[in-house]
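Here the structure comes first, spelled out in structure tokens, and everything after it is commentary.
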Amino acid sequence: MKIIESLEGRRTYYNINKELPVEEMEVFDLVKKATELVPDAFNMKSSRVVVVTGEKQNELWDNIFDVFEGNIKREKIDSFKNGYGTILYFYDEEVVKGVQDRFPKYADNFPVWASQSAGMLQISIWSGLKELGIGASLQHYNPVIDEMVKKMFGLPKSYILNAEIPFGGIVSQPDEKAKEDITERVQIIK
């Protein structure tokens, strides 16, 4: 599929379930390949990804609800919990610090560039999931859940969580996207 077609097909799916239309290994392979291929400034390879499935998927979203002490709707959390899994996106602050030490003139930019790479990885995987017929949505419960996630999965303190993508079988299609006048956001100068 071409990149524009892939991006057009990518949508926010909240109504997902635990039934994948493909073998789970296809999802894992997609995540691995995208993580390998998505660029990162100075080739620092700062992105880290954790794919959570099975009972840990349920536990993750129950723990997220608990961290918020009931200040978010249970129905919304359950819509993510109902999915097959969740992809957690991080960048490794230790990797970033190492590159900052090697290139001090650019030091302030490396955390920004690591976040940009993480964003490219998120859209790449999200679009790839849609190509596999899998629904997903991009969520940001970080930084509130950061410490719980690190403790739950035994992750290093240097991992900076920047997004979560619950994914699963598509139960229903989202509403059509409204068309916009893109000239309000894009200028072409010759």
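Note on naming: chains are A, B, ... as they come in the structure tokens, residues start from 1 per chain, ligands start from 1 in the order shown.
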Within 9 Å of Leu30 of chain A using only C-alpha atoms, minus same-chain residues under 5 positions, as a tab-separated table (two decimals) with C-alpha atoms, in the first residue's frame:
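As written to disk, out-v2.tsv reads:
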chain	number	residue	atom	x	y	z
A	25	MET	CA	3.30	-12.70	15.26
A	35	THR	CA	11.32	0.17	15.00
A	125	ILE	CA	3.05	1.27	13.40
A	128	GLY	CA	0.78	-0.66	9.60
A	129	LEU	CA	-1.81	-2.02	12.03
For Asn142 of chain A, work out the shell of residues within 8 Å, counting only C-alpha atoms and skipping chain neighbours fewer than 3 positions away, then give it as number ranges by chain.
A: 145-146, 161-163
Go ahead and write the residues just picked, C-alpha atoms, as a PDB file, in the first residue's frame.
ATOM      1  CA  ILE A 145       1.166   6.492  34.551  1.00  0.00           C
ATOM      2  CA  ASP A 146       4.948   6.525  33.971  1.00  0.00           C
ATOM      3  CA  LEU A 161       6.953   7.087  28.071  1.00  0.00           C
ATOM      4  CA  ASN A 162       5.419   9.236  25.371  1.00  0.00           C
ATOM      5  CA  ALA A 163       2.343   7.368  24.074  1.00  0.00           C
TER       6      ALA A 163
END
Quick one: pull the distance between atom CA of Asn82 of chain A and atom CA of Asn17 of chain A, Å, one decimal.
5.1 Å
For Lys177 of chain A, please output as a ChimeraX atom specification all residues within 12 Å (counting only C-alpha atoms; exclusion window: fewer than 3 positions along the same chain).
/A:8-12,173-174,180
Mind the document's chain letters and residue numbers, and return as an MDAnalysis selection string the residues of segment 125-154 of chain A that DSSP labels alpha helix (DSSP H).
chainID A and resid 125:131 146:153
Store the residues picked out above in a file with N, CA and C atoms, as a PDB file, in the first residue's frame.
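So part13.pdb came out as:
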ATOM      1  N   ILE A 125       3.658   2.488  12.868  1.00  0.00           N
ATOM      2  CA  ILE A 125       3.047   1.270  13.401  1.00  0.00           C
ATOM      3  C   ILE A 125       1.529   1.364  13.337  1.00  0.00           C
ATOM      4  N   TRP A 126       0.976   2.517  13.684  1.00  0.00           N
ATOM      5  CA  TRP A 126      -0.470   2.706  13.646  1.00  0.00           C
ATOM      6  C   TRP A 126      -1.000   2.467  12.236  1.00  0.00           C
ATOM      7  N   SER A 127      -0.338   3.029  11.227  1.00  0.00           N
ATOM      8  CA  SER A 127      -0.747   2.814   9.840  1.00  0.00           C
ATOM      9  C   SER A 127      -0.559   1.357   9.437  1.00  0.00           C
ATOM     10  N   GLY A 128       0.538   0.757   9.891  1.00  0.00           N
ATOM     11  CA  GLY A 128       0.780  -0.658   9.598  1.00  0.00           C
ATOM     12  C   GLY A 128      -0.280  -1.561  10.204  1.00  0.00           C
ATOM     13  N   LEU A 129      -0.732  -1.234  11.406  1.00  0.00           N
ATOM     14  CA  LEU A 129      -1.807  -2.017  12.027  1.00  0.00           C
ATOM     15  C   LEU A 129      -3.062  -1.957  11.170  1.00  0.00           C
ATOM     16  N   LYS A 130      -3.378  -0.778  10.661  1.00  0.00           N
ATOM     17  CA  LYS A 130      -4.563  -0.644   9.808  1.00  0.00           C
ATOM     18  C   LYS A 130      -4.413  -1.474   8.541  1.00  0.00           C
ATOM     19  N   GLU A 131      -3.207  -1.505   7.984  1.00  0.00           N
ATOM     20  CA  GLU A 131      -2.967  -2.334   6.802  1.00  0.00           C
ATOM     21  C   GLU A 131      -3.206  -3.812   7.107  1.00  0.00           C
ATOM     22  N   ASP A 146       3.563   6.920  34.244  1.00  0.00           N
ATOM     23  CA  ASP A 146       4.948   6.525  33.971  1.00  0.00           C
ATOM     24  C   ASP A 146       5.543   5.586  35.026  1.00  0.00           C
ATOM     25  N   GLU A 147       5.486   5.965  36.264  1.00  0.00           N
ATOM     26  CA  GLU A 147       6.120   5.157  37.310  1.00  0.00           C
ATOM     27  C   GLU A 147       5.446   3.794  37.453  1.00  0.00           C
ATOM     28  N   MET A 148       4.124   3.762  37.351  1.00  0.00           N
ATOM     29  CA  MET A 148       3.409   2.488  37.437  1.00  0.00           C
ATOM     30  C   MET A 148       3.834   1.559  36.307  1.00  0.00           C
ATOM     31  N   VAL A 149       3.925   2.089  35.086  1.00  0.00           N
ATOM     32  CA  VAL A 149       4.296   1.273  33.925  1.00  0.00           C
ATOM     33  C   VAL A 149       5.710   0.727  34.093  1.00  0.00           C
ATOM     34  N   LYS A 150       6.645   1.575  34.505  1.00  0.00           N
ATOM     35  CA  LYS A 150       8.028   1.120  34.689  1.00  0.00           C
ATOM     36  C   LYS A 150       8.112   0.028  35.744  1.00  0.00           C
ATOM     37  N   LYS A 151       7.392   0.209  36.825  1.00  0.00           N
ATOM     38  CA  LYS A 151       7.401  -0.792  37.899  1.00  0.00           C
ATOM     39  C   LYS A 151       6.722  -2.084  37.434  1.00  0.00           C
ATOM     40  N   MET A 152       5.584  -1.960  36.776  1.00  0.00           N
ATOM     41  CA  MET A 152       4.821  -3.130  36.341  1.00  0.00           C
ATOM     42  C   MET A 152       5.628  -4.026  35.400  1.00  0.00           C
ATOM     43  N   PHE A 153       6.416  -3.416  34.523  1.00  0.00           N
ATOM     44  CA  PHE A 153       7.142  -4.190  33.520  1.00  0.00           C
ATOM     45  C   PHE A 153       8.648  -4.260  33.772  1.00  0.00           C
TER      46      PHE A 153
END
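When only C-alpha atoms are used to compute distances to Val27 of chain A, the closest of the residues A:Ile170, A:Ala114, A:Val50, A:Ile134 turns out to be A:Ile134.
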Residues within 12 Å of Phe103 of chain A, only C-alpha atoms, excluding chain neighbours under 6 positions, as a list in words:
Ala41, Phe42, Met44, Val96, Lys97, Asn109 and Phe110 of chain A
Suppose we keep N, CA and C atoms; can you now write the selection as a compact mmCIF listing (two decimals), in the first residue's frame?
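Result written to again-v2.txt:
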# COMPACT_ATOMS: atom_id res chain seq x y z
N ALA A 41 17.55 10.97 14.75
CA ALA A 41 18.64 11.91 14.55
C ALA A 41 19.97 11.31 15.00
N PHE A 42 20.99 11.51 14.20
CA PHE A 42 22.34 11.02 14.48
C PHE A 42 22.36 9.51 14.68
N MET A 44 20.74 7.70 16.64
CA MET A 44 20.92 7.38 18.06
C MET A 44 20.12 6.18 18.53
N VAL A 96 19.93 9.17 24.82
CA VAL A 96 19.92 10.59 24.46
C VAL A 96 21.07 11.32 25.15
N LYS A 97 21.27 11.05 26.43
CA LYS A 97 22.36 11.71 27.17
C LYS A 97 23.72 11.34 26.59
N ASN A 109 18.76 19.79 21.57
CA ASN A 109 17.87 19.29 20.54
C ASN A 109 17.60 17.79 20.63
N PHE A 110 18.50 17.03 21.23
CA PHE A 110 18.34 15.58 21.19
C PHE A 110 17.07 15.05 21.84
To one decimal place, how far is atom CA of Gln116 of chain A from atom CA of Ser46 of chain A in Å?
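Result for atom CA of Gln116 of chain A versus atom CA of Ser46 of chain A: 10.6 Å, one decimal.
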Would you list the contacts of Glu23 of chain A as a list in words, taking every protein, DNA or RNA residue within 12 Å and counting only C-alpha atoms, but skipping same-chain residues closer than 6 positions in sequence?
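Everything that qualifies: Asp29, Leu30, Tyr84, Leu132, Gly133, Ile134, Gly168 and Gly169 of chain A.
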Would you list the contacts of Phe28 of chain A as a list of chain:residue names, taking every protein, DNA or RNA residue within 8 Å and counting only C-alpha atoms, but skipping same-chain residues closer than 4 positions in sequence?
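Counting only the stated atoms, we get A:Glu24, A:Lys32, A:Val51.
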Output C-alpha atoms of each residue in that selection to a file, as an mmCIF file, in the first residue's frame.
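Result saved to selection.cif:
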data_model
loop_
_atom_site.group_PDB
_atom_site.id
_atom_site.type_symbol
_atom_site.label_atom_id
_atom_site.label_comp_id
_atom_site.auth_asym_id
_atom_site.auth_seq_id
_atom_site.Cartn_x
_atom_site.Cartn_y
_atom_site.Cartn_z
ATOM 1 C CA GLU A 24 -0.189 -12.032 16.635
ATOM 2 C CA LYS A 32 10.078 -4.876 15.177
ATOM 3 C CA VAL A 51 3.981 -4.679 23.338
#
Let's see if you can do this: from backbone DSSP, list all strand (DSSP E) residues in segment 2-164 of chain A, as a compact mmCIF listing (two decimals) with C-alpha atoms, in the first residue's frame.
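Saved file part_1.txt follows:
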# COMPACT_ATOMS: atom_id res chain seq x y z
CA ILE A 16 -11.97 -2.84 19.50
CA ASN A 17 -11.88 -6.40 20.80
CA SER A 47 13.11 4.49 20.61
CA ARG A 48 11.98 1.65 22.86
CA VAL A 49 8.73 -0.24 22.40
CA VAL A 50 6.89 -2.64 24.71
CA VAL A 51 3.98 -4.68 23.34
CA VAL A 52 1.58 -5.84 26.05
CA THR A 53 -0.96 -8.63 25.42
CA GLY A 85 -2.97 -5.45 23.28
CA THR A 86 -1.28 -2.12 23.85
CA ILE A 87 1.92 -0.77 22.39
CA LEU A 88 3.87 1.45 24.79
CA TYR A 89 6.27 3.94 23.19
CA PHE A 90 9.34 5.27 24.98
CA TYR A 91 12.64 6.89 24.26
CA ASP A 92 15.67 5.98 26.35
CA GLY A 135 -8.01 -1.00 14.79
CA ALA A 136 -6.02 1.25 17.13
CA TYR A 159 12.68 5.07 29.66
CA ILE A 160 10.52 8.12 28.96
CA LEU A 161 6.95 7.09 28.07
CA ASN A 162 5.42 9.24 25.37
CA ALA A 163 2.34 7.37 24.07
CA GLU A 164 0.18 4.28 24.26
Can you work out which one of A:His140, A:Ser115, A:Lys45, A:Lys190 has the shortest atom-to-atom distance to Gly98 of chain A, counting only C-alpha atoms?
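Closest to Gly98 of chain A of all the choices is A:Lys45.
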